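A.B. asks: Following this line is work.cif, made up of mmCIF, C-alpha atoms:
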data_model
#
loop_
_atom_site.group_PDB
_atom_site.id
_atom_site.type_symbol
_atom_site.label_atom_id
_atom_site.label_comp_id
_atom_site.auth_asym_id
_atom_site.auth_seq_id
_atom_site.Cartn_x
_atom_site.Cartn_y
_atom_site.Cartn_z
ATOM 1 C CA MET A 1 15.118 8.616 -13.516
ATOM 2 C CA ASP A 2 18.589 8.470 -12.035
ATOM 3 C CA ILE A 3 17.769 7.762 -8.388
ATOM 4 C CA LYS A 4 21.219 7.989 -6.790
ATOM 5 C CA GLY A 5 21.522 11.135 -4.705
ATOM 6 C CA LYS A 6 17.885 12.189 -5.186
ATOM 7 C CA ASN A 7 15.957 13.398 -2.131
ATOM 8 C CA PHE A 8 13.046 11.079 -1.399
ATOM 9 C CA LEU A 9 10.311 11.885 1.142
ATOM 10 C CA ILE A 10 8.281 8.897 2.329
ATOM 11 C CA THR A 11 5.243 9.052 4.596
ATOM 12 C CA GLY A 12 3.972 5.966 6.389
ATOM 13 C CA ALA A 13 7.472 4.472 6.546
ATOM 14 C CA SER A 14 6.611 2.662 9.780
ATOM 15 C CA GLY A 15 3.939 0.723 7.885
ATOM 16 C CA PHE A 16 4.100 -2.227 5.513
ATOM 17 C CA ILE A 17 4.264 -0.459 2.137
ATOM 18 C CA GLY A 18 6.242 2.556 3.365
ATOM 19 C CA ALA A 19 8.872 0.426 5.097
ATOM 20 C CA ASN A 20 9.443 -1.653 1.982
ATOM 21 C CA LEU A 21 9.752 1.511 -0.122
ATOM 22 C CA THR A 22 12.226 2.969 2.361
ATOM 23 C CA ARG A 23 14.385 -0.143 2.238
ATOM 24 C CA HIS A 24 14.109 -0.552 -1.525
ATOM 25 C CA PHE A 25 15.090 2.968 -2.526
ATOM 26 C CA LEU A 26 17.742 3.304 0.168
ATOM 27 C CA LYS A 27 19.478 0.358 -1.510
ATOM 28 C CA ARG A 28 19.133 2.182 -4.821
ATOM 29 C CA GLY A 29 21.122 5.131 -3.437
ATOM 30 C CA ALA A 30 18.380 7.669 -2.697
ATOM 31 C CA ASN A 31 18.612 10.097 0.236
ATOM 32 C CA ILE A 32 15.606 9.043 2.306
ATOM 33 C CA SER A 33 13.661 11.280 4.680
ATOM 34 C CA ILE A 34 10.539 10.035 6.447
ATOM 35 C CA LEU A 35 7.716 11.742 8.288
ATOM 36 C CA LYS A 36 6.298 9.842 11.238
ATOM 37 C CA ARG A 37 4.018 10.449 14.151
ATOM 38 C CA ARG A 38 5.915 10.591 17.440
ATOM 39 C CA GLN A 39 4.313 7.380 18.740
ATOM 40 C CA SER A 40 4.982 5.303 15.616
ATOM 41 C CA ASN A 41 6.832 2.011 16.081
ATOM 42 C CA LEU A 42 9.790 1.774 13.686
ATOM 43 C CA TRP A 43 10.405 -1.974 14.062
ATOM 44 C CA ARG A 44 10.199 -2.508 10.297
ATOM 45 C CA ILE A 45 13.078 -0.118 9.615
ATOM 46 C CA TYR A 46 14.895 -0.209 12.954
ATOM 47 C CA ASP A 47 18.115 -1.609 11.466
ATOM 48 C CA ILE A 48 18.363 1.209 8.904
ATOM 49 C CA LYS A 49 17.074 4.151 10.939
ATOM 50 C CA ASN A 50 20.551 5.634 11.300
ATOM 51 C CA ARG A 51 20.880 5.791 7.512
ATOM 52 C CA ILE A 52 17.758 7.898 6.940
ATOM 53 C CA SER A 53 16.478 11.261 8.165
ATOM 54 C CA ILE A 54 13.516 10.981 10.526
ATOM 55 C CA TYR A 55 11.111 13.835 11.254
ATOM 56 C CA ASN A 56 8.475 13.583 13.967
ATOM 57 C CA VAL A 57 5.554 15.414 12.415
ATOM 58 C CA ASP A 58 1.872 14.634 12.025
ATOM 59 C CA LEU A 59 0.468 15.366 8.573
ATOM 60 C CA LEU A 60 -2.408 17.202 10.235
ATOM 61 C CA GLU A 61 0.059 19.829 11.523
ATOM 62 C CA TYR A 62 0.253 21.955 8.388
ATOM 63 C CA ALA A 63 2.819 24.473 9.629
ATOM 64 C CA LYS A 64 5.206 21.742 10.767
ATOM 65 C CA VAL A 65 4.763 19.802 7.534
ATOM 66 C CA LYS A 66 5.532 22.957 5.566
ATOM 67 C CA ARG A 67 8.731 23.625 7.549
ATOM 68 C CA VAL A 68 9.991 20.071 7.131
ATOM 69 C CA VAL A 69 9.157 19.902 3.416
ATOM 70 C CA ASN A 70 10.966 23.215 2.856
ATOM 71 C CA ARG A 71 13.980 21.802 4.659
ATOM 72 C CA ILE A 72 14.068 18.489 2.762
ATOM 73 C CA LYS A 73 13.139 19.878 -0.666
ATOM 74 C CA PRO A 74 12.197 16.421 -1.936
ATOM 75 C CA ASP A 75 12.589 15.454 -5.567
ATOM 76 C CA VAL A 76 10.253 12.492 -5.092
ATOM 77 C CA ILE A 77 7.406 11.984 -2.626
ATOM 78 C CA PHE A 78 5.903 8.573 -1.873
ATOM 79 C CA HIS A 79 2.782 9.104 0.219
ATOM 80 C CA THR A 80 1.721 5.878 1.930
ATOM 81 C CA ALA A 81 0.534 7.102 5.344
ATOM 82 C CA ALA A 82 -3.017 5.896 5.989
ATOM 83 C CA TYR A 83 -5.402 4.827 8.719
ATOM 84 C CA GLY A 84 -8.501 2.640 8.620
ATOM 85 C CA GLY A 85 -7.373 -0.226 6.434
ATOM 86 C CA HIS A 86 -7.613 -2.737 9.285
ATOM 87 C CA VAL A 87 -10.701 -3.814 11.211
ATOM 88 C CA SER A 88 -9.159 -2.498 14.435
ATOM 89 C CA GLN A 89 -8.807 1.018 12.951
ATOM 90 C CA GLY A 90 -12.360 2.252 13.252
ATOM 91 C CA ASN A 91 -12.121 5.842 14.491
ATOM 92 C CA LEU A 92 -14.156 7.689 11.832
ATOM 93 C CA SER A 93 -12.711 11.127 12.525
ATOM 94 C CA ARG A 94 -9.156 9.825 12.342
ATOM 95 C CA ILE A 95 -9.889 7.930 9.106
ATOM 96 C CA LEU A 96 -11.157 11.067 7.379
ATOM 97 C CA LYS A 97 -8.503 13.403 8.765
ATOM 98 C CA THR A 98 -5.518 11.135 8.206
ATOM 99 C CA ASN A 99 -6.386 9.959 4.725
ATOM 100 C CA PHE A 100 -7.897 13.117 3.261
ATOM 101 C CA ILE A 101 -6.708 16.164 5.223
ATOM 102 C CA GLY A 102 -3.256 14.626 5.665
ATOM 103 C CA THR A 103 -2.971 14.156 1.904
ATOM 104 C CA VAL A 104 -4.218 17.685 1.223
ATOM 105 C CA ASN A 105 -1.672 19.184 3.625
ATOM 106 C CA LEU A 106 1.247 17.185 2.264
ATOM 107 C CA LEU A 107 0.472 17.836 -1.394
ATOM 108 C CA ASN A 108 -0.146 21.531 -0.858
ATOM 109 C CA CYS A 109 3.182 21.932 0.965
ATOM 110 C CA CYS A 110 5.095 20.003 -1.689
ATOM 111 C CA SER A 111 3.397 21.912 -4.511
ATOM 112 C CA LYS A 112 4.961 25.148 -3.282
ATOM 113 C CA ILE A 113 8.539 23.910 -3.705
ATOM 114 C CA GLY A 114 8.310 21.845 -6.899
ATOM 115 C CA PHE A 115 9.147 18.170 -7.320
ATOM 116 C CA GLU A 116 9.800 15.557 -9.981
ATOM 117 C CA LEU A 117 7.104 13.083 -8.885
ATOM 118 C CA PHE A 118 4.469 12.749 -6.184
ATOM 119 C CA VAL A 119 2.953 9.279 -5.836
ATOM 120 C CA ASN A 120 -0.260 9.014 -3.847
ATOM 121 C CA THR A 121 -0.893 5.455 -2.672
ATOM 122 C CA GLY A 122 -4.514 4.582 -3.306
ATOM 123 C CA SER A 123 -6.613 1.516 -2.545
ATOM 124 C CA SER A 124 -8.956 -0.823 -4.380
ATOM 125 C CA SER A 125 -11.412 0.001 -1.576
ATOM 126 C CA GLU A 126 -12.135 3.194 -3.508
ATOM 127 C CA TYR A 127 -14.070 1.212 -6.112
ATOM 128 C CA GLY A 128 -16.698 -0.469 -3.953
ATOM 129 C CA ILE A 129 -18.798 -3.350 -5.280
ATOM 130 C CA LYS A 130 -18.335 -4.115 -8.982
ATOM 131 C CA ASP A 131 -19.475 -6.987 -11.181
ATOM 132 C CA HIS A 132 -16.422 -6.802 -13.447
ATOM 133 C CA PRO A 133 -12.641 -6.303 -13.208
ATOM 134 C CA MET A 134 -12.108 -2.859 -11.746
ATOM 135 C CA GLN A 135 -10.960 -0.154 -14.163
ATOM 136 C CA GLU A 136 -9.514 3.253 -13.362
ATOM 137 C CA SER A 137 -12.403 4.858 -15.272
ATOM 138 C CA ASP A 138 -15.082 3.174 -13.117
ATOM 139 C CA ILE A 139 -17.395 5.314 -11.027
ATOM 140 C CA LEU A 140 -16.243 5.129 -7.415
ATOM 141 C CA THR A 141 -18.848 3.731 -5.006
ATOM 142 C CA PRO A 142 -16.874 2.912 -1.831
ATOM 143 C CA ILE A 143 -18.727 1.003 0.892
ATOM 144 C CA THR A 144 -16.523 1.900 3.878
ATOM 145 C CA PRO A 145 -15.356 5.166 5.453
ATOM 146 C CA TYR A 146 -11.808 4.107 4.589
ATOM 147 C CA GLY A 147 -12.732 3.710 0.930
ATOM 148 C CA VAL A 148 -14.511 7.075 0.946
ATOM 149 C CA SER A 149 -11.498 8.854 2.449
ATOM 150 C CA LYS A 150 -9.038 7.248 0.039
ATOM 151 C CA ALA A 151 -11.258 8.089 -2.925
ATOM 152 C CA ALA A 152 -11.454 11.713 -1.795
ATOM 153 C CA ALA A 153 -7.648 11.850 -1.496
ATOM 154 C CA THR A 154 -7.199 10.435 -4.997
ATOM 155 C CA ILE A 155 -9.661 12.904 -6.494
ATOM 156 C CA TYR A 156 -7.926 15.803 -4.749
ATOM 157 C CA CYS A 157 -4.521 14.675 -6.063
ATOM 158 C CA GLN A 158 -5.969 14.483 -9.559
ATOM 159 C CA TYR A 159 -7.470 17.956 -9.206
ATOM 160 C CA VAL A 160 -4.212 19.557 -8.038
ATOM 161 C CA ALA A 161 -2.156 17.768 -10.688
ATOM 162 C CA ARG A 162 -4.330 18.985 -13.535
ATOM 163 C CA ARG A 163 -4.993 22.463 -12.184
ATOM 164 C CA ASN A 164 -1.315 23.180 -11.516
ATOM 165 C CA ASP A 165 0.235 20.956 -14.208
ATOM 166 C CA LEU A 166 2.113 18.857 -11.653
ATOM 167 C CA PRO A 167 3.493 15.278 -11.922
ATOM 168 C CA VAL A 168 1.151 13.727 -9.373
ATOM 169 C CA ILE A 169 -0.190 10.197 -9.837
ATOM 170 C CA THR A 170 -2.024 7.574 -7.801
ATOM 171 C CA LEU A 171 -1.024 3.922 -7.663
ATOM 172 C CA ARG A 172 -4.203 2.161 -6.601
ATOM 173 C CA LEU A 173 -3.019 -0.951 -4.748
ATOM 174 C CA PHE A 174 -5.190 -4.010 -4.445
ATOM 175 C CA SER A 175 -4.200 -6.514 -1.703
ATOM 176 C CA PRO A 176 -0.427 -6.393 -1.203
ATOM 177 C CA TYR A 177 1.380 -9.011 0.879
ATOM 178 C CA GLY A 178 4.944 -9.981 1.648
ATOM 179 C CA TYR A 179 7.879 -8.988 3.834
ATOM 180 C CA PHE A 180 7.088 -7.009 7.004
ATOM 181 C CA ASP A 181 3.320 -7.302 6.532
ATOM 182 C CA ASP A 182 1.050 -6.811 9.530
ATOM 183 C CA GLY A 183 0.688 -10.065 11.466
ATOM 184 C CA ASN A 184 -3.098 -9.755 11.577
ATOM 185 C CA ARG A 185 -3.602 -9.663 7.807
ATOM 186 C CA VAL A 186 -4.874 -12.909 6.361
ATOM 187 C CA ILE A 187 -1.721 -14.167 4.612
ATOM 188 C CA SER A 188 0.587 -13.260 7.499
ATOM 189 C CA TYR A 189 -1.870 -14.609 10.052
ATOM 190 C CA VAL A 190 -2.166 -18.014 8.373
ATOM 191 C CA ILE A 191 1.605 -18.282 7.846
ATOM 192 C CA LEU A 192 2.298 -17.412 11.495
ATOM 193 C CA SER A 193 -0.368 -19.891 12.616
ATOM 194 C CA CYS A 194 1.291 -22.630 10.571
ATOM 195 C CA LEU A 195 4.682 -21.750 12.045
ATOM 196 C CA LYS A 196 3.209 -22.136 15.532
ATOM 197 C CA ASN A 197 1.247 -25.266 14.590
ATOM 198 C CA SER A 198 -1.874 -23.524 15.800
ATOM 199 C CA LEU A 199 -5.268 -23.712 14.172
ATOM 200 C CA PRO A 200 -6.030 -20.696 11.951
ATOM 201 C CA ASP A 201 -9.575 -19.412 12.400
ATOM 202 C CA ILE A 202 -10.752 -17.690 9.226
ATOM 203 C CA SER A 203 -13.850 -15.598 8.560
ATOM 204 C CA SER A 204 -15.518 -14.913 5.207
ATOM 205 C CA PRO A 205 -13.917 -17.861 3.356
ATOM 206 C CA ALA A 206 -15.850 -17.128 0.156
ATOM 207 C CA SER A 207 -14.564 -13.553 -0.091
ATOM 208 C CA VAL A 208 -12.284 -12.872 -3.042
ATOM 209 C CA ARG A 209 -9.327 -10.513 -3.399
ATOM 210 C CA ASP A 210 -6.604 -9.683 -5.884
ATOM 211 C CA PHE A 211 -3.371 -10.378 -3.987
ATOM 212 C CA ILE A 212 -0.236 -8.636 -5.248
ATOM 213 C CA PHE A 213 3.271 -9.511 -4.016
ATOM 214 C CA ILE A 214 5.332 -6.735 -2.439
ATOM 215 C CA ASP A 215 8.202 -7.080 -4.955
ATOM 216 C CA ASP A 216 5.715 -6.325 -7.732
ATOM 217 C CA VAL A 217 4.424 -3.333 -5.778
ATOM 218 C CA MET A 218 7.993 -2.014 -5.532
ATOM 219 C CA SER A 219 8.467 -2.418 -9.286
ATOM 220 C CA SER A 220 5.321 -0.329 -9.899
ATOM 221 C CA TYR A 221 6.889 2.606 -8.012
ATOM 222 C CA GLU A 222 10.076 2.051 -10.029
ATOM 223 C CA GLN A 223 8.089 2.275 -13.248
ATOM 224 C CA ALA A 224 6.346 5.415 -12.044
ATOM 225 C CA LEU A 225 9.755 7.035 -11.678
ATOM 226 C CA GLU A 226 10.725 5.977 -15.183
ATOM 227 C CA LYS A 227 7.496 7.259 -16.773
ATOM 228 C CA ASN A 228 6.788 10.373 -14.704
ATOM 229 C CA GLY A 229 7.389 12.936 -17.447
ATOM 230 C CA ASN A 230 3.913 13.458 -18.877
ATOM 231 C CA MET A 231 1.686 12.065 -16.130
ATOM 232 C CA ARG A 232 -0.723 14.538 -14.570
ATOM 233 C CA GLY A 233 -3.295 13.054 -12.203
ATOM 234 C CA ASP A 234 -3.154 9.584 -13.738
ATOM 235 C CA ILE A 235 -4.410 6.591 -11.773
ATOM 236 C CA PHE A 236 -3.006 3.086 -12.195
ATOM 237 C CA ASN A 237 -4.294 -0.203 -10.819
ATOM 238 C CA ILE A 238 -1.578 -2.274 -9.156
ATOM 239 C CA GLY A 239 -2.870 -5.816 -8.851
ATOM 240 C CA SER A 240 -2.174 -9.284 -10.200
ATOM 241 C CA GLY A 241 -5.205 -9.267 -12.493
ATOM 242 C CA LYS A 242 -6.361 -12.517 -10.901
ATOM 243 C CA GLN A 243 -8.606 -13.013 -7.905
ATOM 244 C CA CYS A 244 -8.460 -15.738 -5.292
ATOM 245 C CA SER A 245 -10.958 -16.709 -2.605
ATOM 246 C CA ILE A 246 -9.849 -16.683 1.015
ATOM 247 C CA ILE A 247 -10.542 -20.411 1.338
ATOM 248 C CA ASN A 248 -8.323 -21.244 -1.650
ATOM 249 C CA LEU A 249 -5.651 -18.856 -0.411
ATOM 250 C CA VAL A 250 -5.546 -20.594 2.965
ATOM 251 C CA LYS A 251 -5.350 -24.002 1.304
ATOM 252 C CA LYS A 252 -2.359 -22.840 -0.760
ATOM 253 C CA ILE A 253 -0.508 -21.679 2.362
ATOM 254 C CA VAL A 254 -1.269 -24.814 4.368
ATOM 255 C CA ARG A 255 -0.191 -26.993 1.441
ATOM 256 C CA ALA A 256 3.060 -25.045 1.121
ATOM 257 C CA PHE A 257 3.870 -26.089 4.698
ATOM 258 C CA GLY A 258 3.145 -29.730 3.841
ATOM 259 C CA ASN A 259 0.593 -29.610 6.604
ATOM 260 C CA ASN A 260 -2.690 -31.476 6.926
ATOM 261 C CA MET A 261 -3.924 -28.910 9.417
ATOM 262 C CA THR A 262 -7.676 -28.448 9.581
ATOM 263 C CA VAL A 263 -8.720 -24.821 9.216
ATOM 264 C CA GLY A 264 -11.629 -23.382 11.143
ATOM 265 C CA TYR A 265 -14.030 -21.054 9.355
ATOM 266 C CA LYS A 266 -16.322 -18.573 11.043
ATOM 267 C CA GLU A 267 -19.644 -17.346 9.752
ATOM 268 C CA ASP A 268 -19.244 -15.106 6.698
ATOM 269 C CA LEU A 269 -19.024 -11.734 8.444
ATOM 270 C CA CYS A 270 -19.197 -9.842 5.164
ATOM 271 C CA ALA A 271 -22.237 -11.580 3.691
ATOM 272 C CA GLY A 272 -24.328 -9.120 1.735
ATOM 273 C CA ILE A 273 -21.588 -6.557 1.149
ATOM 274 C CA GLU A 274 -18.851 -8.670 -0.438
ATOM 275 C CA SER A 275 -18.557 -8.814 -4.201
ATOM 276 C CA LYS A 276 -18.018 -11.945 -6.260
ATOM 277 C CA HIS A 277 -15.530 -9.868 -8.220
ATOM 278 C CA TRP A 278 -12.575 -8.073 -6.654
ATOM 279 C CA VAL A 279 -9.872 -7.988 -9.246
ATOM 280 C CA ALA A 280 -7.831 -5.360 -11.053
ATOM 281 C CA ASP A 281 -7.970 -4.610 -14.725
ATOM 282 C CA THR A 282 -4.276 -3.835 -15.207
ATOM 283 C CA SER A 283 -4.356 -3.073 -18.928
ATOM 284 C CA LYS A 284 -3.791 0.668 -18.399
ATOM 285 C CA SER A 285 -0.844 0.014 -16.073
ATOM 286 C CA PHE A 286 0.744 -2.187 -18.713
ATOM 287 C CA LYS A 287 0.036 0.121 -21.644
ATOM 288 C CA GLU A 288 0.852 3.507 -20.106
ATOM 289 C CA LEU A 289 3.088 2.732 -17.127
ATOM 290 C CA GLY A 290 4.909 -0.204 -18.670
ATOM 291 C CA TRP A 291 4.283 -2.293 -15.558
ATOM 292 C CA LYS A 292 3.083 -5.830 -15.088
ATOM 293 C CA PRO A 293 3.483 -8.243 -12.158
ATOM 294 C CA LYS A 294 6.311 -10.738 -12.297
ATOM 295 C CA PHE A 295 5.195 -13.114 -9.553
ATOM 296 C CA ASN A 296 2.067 -15.257 -9.486
ATOM 297 C CA LEU A 297 0.405 -16.032 -6.161
ATOM 298 C CA ASP A 298 2.194 -19.344 -5.616
ATOM 299 C CA GLU A 299 5.598 -17.756 -6.269
ATOM 300 C CA GLY A 300 4.856 -14.780 -4.046
ATOM 301 C CA LEU A 301 3.608 -17.001 -1.227
ATOM 302 C CA LYS A 302 6.758 -19.143 -1.444
ATOM 303 C CA LYS A 303 9.014 -16.097 -0.989
ATOM 304 C CA THR A 304 6.750 -14.686 1.738
ATOM 305 C CA ILE A 305 6.697 -17.937 3.709
ATOM 306 C CA LYS A 306 10.495 -18.172 3.561
ATOM 307 C CA TRP A 307 10.818 -14.597 4.816
ATOM 308 C CA PHE A 308 8.440 -15.241 7.716
ATOM 309 C CA LYS A 309 10.325 -18.399 8.650
ATOM 310 C CA ASP A 310 13.596 -16.446 8.695
ATOM 311 C CA ASN A 311 12.117 -13.448 10.531
ATOM 312 C CA ASN A 312 9.541 -15.005 12.817
ATOM 313 C CA SER A 313 11.114 -13.227 15.809
ATOM 314 C CA PHE A 314 9.556 -9.943 14.662
ATOM 315 C CA TYR A 315 6.141 -11.401 15.445
ATOM 316 C CA SER A 316 6.897 -13.124 18.745
#
Please lay out the structure from this file as structure tokens.
C.D. replies:
Amino acid sequence: MDIKGKNFLITGASGFIGANLTRHFLKRGANISILKRRQSNLWRIYDIKNRISIYNVDLLEYAKVKRVVNRIKPDVIFHTAAYGGHVSQGNLSRILKTNFIGTVNLLNCCSKIGFELFVNTGSSSEYGIKDHPMQESDILTPITPYGVSKAAATIYCQYVARRNDLPVITLRLFSPYGYFDDGNRVISYVILSCLKNSLPDISSPASVRDFIFIDDVMSSYEQALEKNGNMRGDIFNIGSGKQCSIINLVKKIVRAFGNNMTVGYKEDLCAGIESKHWVADTSKSFKELGWKPKFNLDEGLKKTIKWFKDNNSFYS
């Protein structure tokens, strides 16, 4: 798809994934509009906010969403707005409303005007506990309200896409990390601790995750734009295809700093509900989307650490 001059609508642009998408596609020449809640902090995109169109609208306000969508007439929609992915985000009602009803409202409004591609941003939390690499065809058995709400949103997007023959897909992200990540997420937290020479205190060291670098996440959205023609409700795993335990992850980061720092580990808070397998099967993404990650974990961590060193002031 020729991106230059296209109208892009991005939700969740104040967050980690949305901010990176906003920056990435603004550089590519797209006309970017974002929807944000009035109280959202735009620190991640503060330096470019005068180059994009900003609309203060909550996705739960259907009438307002409809008016704004009709005004923007987006060619491409990247839906990343979400709530509940962090431990501190525990309001059950808000989790369900934001992730499911918000998605329903946005997709229904966009469906009335037509578009070239709608990308719903999913989560590996939709899968729940598995004993094998997670495949898009797996039965969803989420173990958290967040996972339930994201699964419901994905299923609804698939339903609308196939019922109305619309180019709607879901990119199911595993554990992204990189520039502008939340300072409380494990990779950012350990990097910031090392920068401050303070002792990181880590829980659930045996837990495993499939960490995917933000540049690879951006390339997956690029590929979605290139391949959007015949996709109707498709789901694609976006992960590295390799899992890493938290304890080994922390060791990699500490080693990268050339530091002999001793790391403290708390009791495994997730004992009994954590899986020994949390990794993406990316074969469908490679075969049908033409996407595969470029960066391994060591390479991604190197670039991430450099960015945090150069931009540590954001987290002061």
A.B. asks: Would you kindly return, as an MDAnalysis selection string, each protein, DNA or RNA residue with an atom no farther than 6 Å from any atom of range 60-66 of chain A, considering all atoms listed in the file and excluding same-chain residues fewer than 5 positions away?
C.D. replies: chainID A and resid 102 105 109
A.B. asks: Kindly export the residues of the current selection with C-alpha atoms, as a tab-separated table (two decimals), in the frame of the given file.
C.D. replies:
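As a result, out.tsv now contains:
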chain	number	residue	atom	x	y	z
A	102	GLY	CA	-3.26	14.63	5.66
A	105	ASN	CA	-1.67	19.18	3.62
A	109	CYS	CA	3.18	21.93	0.96
A.B. asks: Here's the selection I'm unsure about, the PyMOL selection byres ((chain A and resi 309-316) around 8); applied to the file above, which residues does it give, as a PyMOL selection string?
C.D. replies: chain A and resi 183+192+195+305-308
A.B. asks: Could you pull the residues within 8 Å of Lys242 in chain A, counting all atoms listed in the file, minus those fewer than 5 positions along the same chain, as an MDAnalysis selection string?
C.D. replies: chainID A and resid 210:211 279:280
A.B. asks: Give me the residues near range 86-99 of chain A as a list in words, where near means some atom within 9 Å (using all atoms listed in the file) and where sequence neighbours in that chain fewer than 6 positions away do not count.
C.D. replies: Leu59, Leu60, Pro145, Tyr146, Val148, Ser149, Lys150, Ala152, Ala153, Asn184 and Arg185 of chain A
A.B. asks: Spell out the residues picked by the PyMOL selection byres ((chain A and resi 222-226) around 9) here, as a list in words.
C.D. replies: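 Written out, the selection comes to Met1, Asp2, Ile3, Val76, Glu116, Leu117, Val119, Ile169, Leu171, Val217, Met218, Ser219, Ser220, Tyr221, Lys227, Asn228, Gly229, Leu289, Gly290 and Trp291 of chain A.
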A.B. asks: For those residues, write C-alpha atoms to a file as a PDB file, keeping the file's coordinate frame.
C.D. replies:
ATOM      1  CA  MET A   1      15.118   8.616 -13.516  1.00  0.00           C
ATOM      2  CA  ASP A   2      18.589   8.470 -12.035  1.00  0.00           C
ATOM      3  CA  ILE A   3      17.769   7.762  -8.388  1.00  0.00           C
ATOM      4  CA  VAL A  76      10.253  12.492  -5.092  1.00  0.00           C
ATOM      5  CA  GLU A 116       9.800  15.557  -9.981  1.00  0.00           C
ATOM      6  CA  LEU A 117       7.104  13.083  -8.885  1.00  0.00           C
ATOM      7  CA  VAL A 119       2.953   9.279  -5.836  1.00  0.00           C
ATOM      8  CA  ILE A 169      -0.190  10.197  -9.837  1.00  0.00           C
ATOM      9  CA  LEU A 171      -1.024   3.922  -7.663  1.00  0.00           C
ATOM     10  CA  VAL A 217       4.424  -3.333  -5.778  1.00  0.00           C
ATOM     11  CA  MET A 218       7.993  -2.014  -5.532  1.00  0.00           C
ATOM     12  CA  SER A 219       8.467  -2.418  -9.286  1.00  0.00           C
ATOM     13  CA  SER A 220       5.321  -0.329  -9.899  1.00  0.00           C
ATOM     14  CA  TYR A 221       6.889   2.606  -8.012  1.00  0.00           C
ATOM     15  CA  LYS A 227       7.496   7.259 -16.773  1.00  0.00           C
ATOM     16  CA  ASN A 228       6.788  10.373 -14.704  1.00  0.00           C
ATOM     17  CA  GLY A 229       7.389  12.936 -17.447  1.00  0.00           C
ATOM     18  CA  LEU A 289       3.088   2.732 -17.127  1.00  0.00           C
ATOM     19  CA  GLY A 290       4.909  -0.204 -18.670  1.00  0.00           C
ATOM     20  CA  TRP A 291       4.283  -2.293 -15.558  1.00  0.00           C
TER      21      TRP A 291
END
A.B. asks: Measuring atom to atom with only C-alpha atoms, identify which of A:Asn197, A:Asn20, A:Ser125, A:Thr154 is nearest to Asp216 in chain A.
C.D. replies: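 Nearest to Asp216 in chain A: A:Asn20.
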A.B. asks: Which residues, written as a VMD selection string, have at least one atom at most 9 Å from Thr304 in chain A, with all atoms listed in the file counted and residues fewer than 2 positions away on the same chain left out?
C.D. replies: chain A and resid 177 to 179 187 to 188 191 213 299 to 302 306 to 309
A.B. asks: For Asn260 in chain A, list every protein, DNA or RNA residue within 12 Å, evaluated using all atoms listed in the file, and leave out those in the same chain fewer than 5 positions away; present the list as a PyMOL selection string.
C.D. replies: chain A and resi 194+197-199+250-255
A.B. asks: Using only C-alpha atoms, find all polymer residues with an atom at most 10 Å away from the point (6.4, 3.6, 4.5); report them as an NGL selection string.
C.D. replies: :A and (9-23 or 34-36 or 42 or 44-45 or 78-82)
A.B. asks: Counting all atoms listed in the file, figure out which residue out of A:Ala256, A:Met134, A:Leu166, A:Ala151 gets nearest to Arg232 in chain A.
C.D. replies: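 Smallest distance to Arg232 in chain A is found for A:Leu166.
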A.B. asks: Rounded to one decimal in Å, what is the spacing between CA of Ile143 in chain A and CA of Asp215 in chain A?
C.D. replies: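 Calculated distance between CA of Ile143 in chain A and CA of Asp215 in chain A is 28.7 Å.
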A.B. asks: Report, in Å to a single decimal, how far apart CA of Phe174 in chain A and CA of Arg37 in chain A are.
C.D. replies: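 Computed distance, CA of Arg37 in chain A to CA of Phe174 in chain A, equals 25.3 Å.
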A.B. asks: Calculate how many Å separate CA of Ser240 in chain A from CA of Asp201 in chain A, rounding to one decimal.
C.D. replies: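 Separating CA of Ser240 in chain A from CA of Asp201 in chain A is a distance of 25.8 Å.
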A.B. asks: Convert the output of the PyMOL selection byres ((chain A and resi 7) around 10) on the shown file into explicit residues, formatted as a PyMOL selection string.
C.D. replies: chain A and resi 3-6+8-10+29-33+72-77+115
A.B. asks: Nearest to Ile113 in chain A among A:Arg163, A:Arg71, A:Lys292, A:His277, with distances taken over all atoms listed in the file: which residue is it?
C.D. replies: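 Comparing A:Arg163, A:Arg71, A:Lys292, A:His277 against Ile113 in chain A, the winner is A:Arg71.
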A.B. asks: Give the padded box for range 299-312 of chain A as JSON: axis-aligned, covering all atoms listed in the file, 5 Å on each side, centre and edge lengths in Å to one decimal.
C.D. replies:
{"center_x": 8.6, "center_y": -16.3, "center_z": 3.3, "size_x": 20.0, "size_y": 15.7, "size_z": 29.1}
A.B. asks: Between A:Lys294, A:Arg209, A:His132, A:Lys112, which has the minimum distance to Asn164 in chain A (counting all atoms listed in the file)?
C.D. replies: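 Of A:Lys294, A:Arg209, A:His132, A:Lys112, the one nearest Asn164 in chain A is A:Lys112, counting all atoms listed in the file.
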A.B. asks: Hey, which of A:Ile202, A:Val104, A:Ile139, A:Cys157 ends up closest to Val190 in chain A? Count all atoms listed in the file.
C.D. replies: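 Checking each candidate against Val190 in chain A, we get A:Ile202 as the closest.
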A.B. asks: Within 6 Å of (-13.7, -9.4, -4.2), all atoms listed in the file: residues as a ChimeraX atom specification?
C.D. replies: /A:207-209,275-278
